[in-house]
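**Q** Here it is, the structure, as structure tokens.
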Amino acid sequence: KNPSRNLLDAAPADICAVMATAQKVARAVKRAFDAGGVLIMQFNETPAGQTVFHFHVHVIPRHEGVPLAQHSRQMADPAELAEHARMIRDALDA
């Protein structure tokens with residue numbers, strides 16, 4: 001929880017902690033969405049697509065043959081997000 005703008009100024013120990021958590025969440029996301037794979041994305045600075053300026057990763061379930069949607073500045077439907085969060089929490093507890 002140490003402050004950093006992105007990966008470029010995060011402490012190495014913090015990067016390790018974030019990636020360990022990303023692995024745990026990625027396994028749960030793969031289960032929750034019955035995904036064939038999981039994409040981990042991380043953006044650094046505006047030209048690279050960063051729009052939220054703290055260090056974080058995106059964990060995206062991937063299915064064969066489904067094209068990847070472009071990173072968006074629009075928030076998804078809150079009810080859909082709540083349901084997805086529930087599915088991931090359930091998978092974390094499994």
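Numbering starts fresh at 1 for the residues of each chain in the structure tokens, the chains themselves are lettered A, B, ... in the order given, and ligands are numbered from 1 as they appear.
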How would you write, as a PyMOL selection string, the set of residues in chain A that DSSP gives as helix (DSSP H, G or I)?
**A** chain A and resi 7-9+12-32+46-48+78-93
**Q** Which residue, A:Leu92, A:His84, A:Arg27, A:Gln42, has the smallest gap to His54 in chain A when you use only C-alpha atoms?
**A** A:Gln42
**Q** Go through chain A and collect every residue that DSSP, computed from the backbone, puts in strand (DSSP E); the answer should be as a list in words.
**A**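 Residues meeting the strand (DSSP E) criterion: Gly37, Val38, Leu39, Ile40, Met41, His58, Val59, Ile60, Pro61 and Arg62 of chain A.
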**Q** Mind dumping the selected residues with N, CA, C and O atoms as a PDB file, in the first residue's frame?
**A**
ATOM      1  N   GLY A  37      -7.800 -18.606 -20.447  1.00  0.00           N
ATOM      2  CA  GLY A  37      -6.571 -17.925 -20.048  1.00  0.00           C
ATOM      3  C   GLY A  37      -6.899 -16.626 -19.346  1.00  0.00           C
ATOM      4  O   GLY A  37      -8.063 -16.234 -19.229  1.00  0.00           O
ATOM      5  N   VAL A  38      -5.850 -15.964 -18.877  1.00  0.00           N
ATOM      6  CA  VAL A  38      -6.010 -14.691 -18.178  1.00  0.00           C
ATOM      7  C   VAL A  38      -4.929 -13.743 -18.671  1.00  0.00           C
ATOM      8  O   VAL A  38      -3.755 -14.106 -18.719  1.00  0.00           O
ATOM      9  N   LEU A  39      -5.337 -12.541 -19.028  1.00  0.00           N
ATOM     10  CA  LEU A  39      -4.416 -11.503 -19.463  1.00  0.00           C
ATOM     11  C   LEU A  39      -4.181 -10.560 -18.288  1.00  0.00           C
ATOM     12  O   LEU A  39      -5.132 -10.081 -17.670  1.00  0.00           O
ATOM     13  N   ILE A  40      -2.906 -10.305 -17.984  1.00  0.00           N
ATOM     14  CA  ILE A  40      -2.537  -9.337 -16.950  1.00  0.00           C
ATOM     15  C   ILE A  40      -1.975  -8.120 -17.685  1.00  0.00           C
ATOM     16  O   ILE A  40      -1.002  -8.240 -18.437  1.00  0.00           O
ATOM     17  N   MET A  41      -2.604  -6.956 -17.488  1.00  0.00           N
ATOM     18  CA  MET A  41      -2.151  -5.734 -18.156  1.00  0.00           C
ATOM     19  C   MET A  41      -1.797  -4.679 -17.109  1.00  0.00           C
ATOM     20  O   MET A  41      -2.416  -4.606 -16.051  1.00  0.00           O
ATOM     21  N   HIS A  58      -4.530  -4.914 -14.328  1.00  0.00           N
ATOM     22  CA  HIS A  58      -5.826  -5.342 -14.831  1.00  0.00           C
ATOM     23  C   HIS A  58      -5.752  -6.849 -15.030  1.00  0.00           C
ATOM     24  O   HIS A  58      -4.807  -7.342 -15.655  1.00  0.00           O
ATOM     25  N   VAL A  59      -6.726  -7.577 -14.505  1.00  0.00           N
ATOM     26  CA  VAL A  59      -6.790  -9.028 -14.643  1.00  0.00           C
ATOM     27  C   VAL A  59      -8.009  -9.326 -15.510  1.00  0.00           C
ATOM     28  O   VAL A  59      -9.148  -9.090 -15.102  1.00  0.00           O
ATOM     29  N   ILE A  60      -7.762  -9.824 -16.719  1.00  0.00           N
ATOM     30  CA  ILE A  60      -8.821  -9.950 -17.720  1.00  0.00           C
ATOM     31  C   ILE A  60      -8.971 -11.406 -18.159  1.00  0.00           C
ATOM     32  O   ILE A  60      -8.025 -11.988 -18.692  1.00  0.00           O
ATOM     33  N   PRO A  61     -10.159 -11.994 -17.928  1.00  0.00           N
ATOM     34  CA  PRO A  61     -10.368 -13.363 -18.404  1.00  0.00           C
ATOM     35  C   PRO A  61     -10.405 -13.380 -19.931  1.00  0.00           C
ATOM     36  O   PRO A  61     -10.923 -12.452 -20.555  1.00  0.00           O
ATOM     37  N   ARG A  62      -9.837 -14.419 -20.523  1.00  0.00           N
ATOM     38  CA  ARG A  62      -9.797 -14.517 -21.980  1.00  0.00           C
ATOM     39  C   ARG A  62     -10.385 -15.845 -22.437  1.00  0.00           C
ATOM     40  O   ARG A  62     -10.128 -16.886 -21.817  1.00  0.00           O
TER      41      ARG A  62
END
**Q** Quick one: distance from CA of Thr51 in chain A to CA of Met75 in chain A in Å, one decimal?
**A**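 Pair CA of Thr51 in chain A / CA of Met75 in chain A returns 12.3 Å.
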**Q** With only C-alpha atoms as the basis for distance, which of A:Ala35, A:Glu80, A:Val52, A:Ala85 is at the shortest distance from Glu64 in chain A?
**A**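 Among A:Ala35, A:Glu80, A:Val52, A:Ala85, it is A:Ala35 that comes nearest to Glu64 in chain A.
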**Q** Near Lys24 in chain A, counting only C-alpha atoms, which residues have an atom at most 12 Å away, once you skip same-chain residues fewer than 3 positions from it, shown as a PyMOL selection string?
**A** chain A and resi 17-21+27-31+38+40+59+88-89+91-94
**Q** Take the residues from that selection and write them out as an mmCIF file, in the first residue's frame, keeping C-alpha atoms.
**A**
data_model
loop_
_atom_site.group_PDB
_atom_site.id
_atom_site.type_symbol
_atom_site.label_atom_id
_atom_site.label_comp_id
_atom_site.auth_asym_id
_atom_site.auth_seq_id
_atom_site.Cartn_x
_atom_site.Cartn_y
_atom_site.Cartn_z
ATOM 1 C CA ALA A 17 3.569 -8.132 -3.510
ATOM 2 C CA VAL A 18 1.298 -6.802 -6.265
ATOM 3 C CA MET A 19 2.251 -9.633 -8.619
ATOM 4 C CA ALA A 20 1.715 -12.292 -5.939
ATOM 5 C CA THR A 21 -1.766 -10.886 -5.371
ATOM 6 C CA ARG A 27 -6.480 -17.946 -10.696
ATOM 7 C CA ALA A 28 -9.849 -16.960 -9.216
ATOM 8 C CA VAL A 29 -10.836 -14.982 -12.328
ATOM 9 C CA LYS A 30 -9.974 -17.958 -14.552
ATOM 10 C CA ARG A 31 -12.239 -20.179 -12.410
ATOM 11 C CA VAL A 38 -6.010 -14.691 -18.178
ATOM 12 C CA ILE A 40 -2.537 -9.337 -16.950
ATOM 13 C CA VAL A 59 -6.790 -9.028 -14.643
ATOM 14 C CA ILE A 88 -14.501 -13.630 -8.147
ATOM 15 C CA ARG A 89 -14.955 -13.579 -4.354
ATOM 16 C CA ALA A 91 -13.802 -18.329 -6.633
ATOM 17 C CA LEU A 92 -11.261 -16.936 -4.158
ATOM 18 C CA ASP A 93 -13.043 -18.775 -1.354
ATOM 19 C CA ALA A 94 -13.172 -22.065 -3.320
#
**Q** Using only C-alpha atoms, which of the listed residues (A:Ala32, A:Ala82, A:Val57, A:Val25) sits closest to Asn6 in chain A?
**A** A:Val57
**Q** Can you tell me, as a list in words, what residues are no more than 8 Å from Leu7 in chain A when counting only C-alpha atoms, ignoring any on the same chain fewer than 6 positions away?
**A**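 So the residues in contact are Ile15, Asn44 and Phe55 of chain A.
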**Q** Convert the current residue selection to file output with N, CA, C and O atoms, as an mmCIF file, in the first residue's frame.
**A**
data_model
loop_
_atom_site.group_PDB
_atom_site.id
_atom_site.type_symbol
_atom_site.label_atom_id
_atom_site.label_comp_id
_atom_site.auth_asym_id
_atom_site.auth_seq_id
_atom_site.Cartn_x
_atom_site.Cartn_y
_atom_site.Cartn_z
ATOM 1 N N ILE A 15 6.289 -4.294 -5.953
ATOM 2 C CA ILE A 15 5.979 -4.949 -7.224
ATOM 3 C C ILE A 15 5.796 -6.448 -6.990
ATOM 4 O O ILE A 15 4.852 -7.055 -7.508
ATOM 5 N N ASN A 44 1.721 2.287 -17.910
ATOM 6 C CA ASN A 44 2.629 3.229 -17.259
ATOM 7 C C ASN A 44 2.714 4.529 -18.037
ATOM 8 O O ASN A 44 3.317 4.578 -19.103
ATOM 9 N N PHE A 55 -0.273 2.545 -8.869
ATOM 10 C CA PHE A 55 0.178 1.253 -9.377
ATOM 11 C C PHE A 55 -0.907 0.204 -9.184
ATOM 12 O O PHE A 55 -1.361 -0.036 -8.078
#
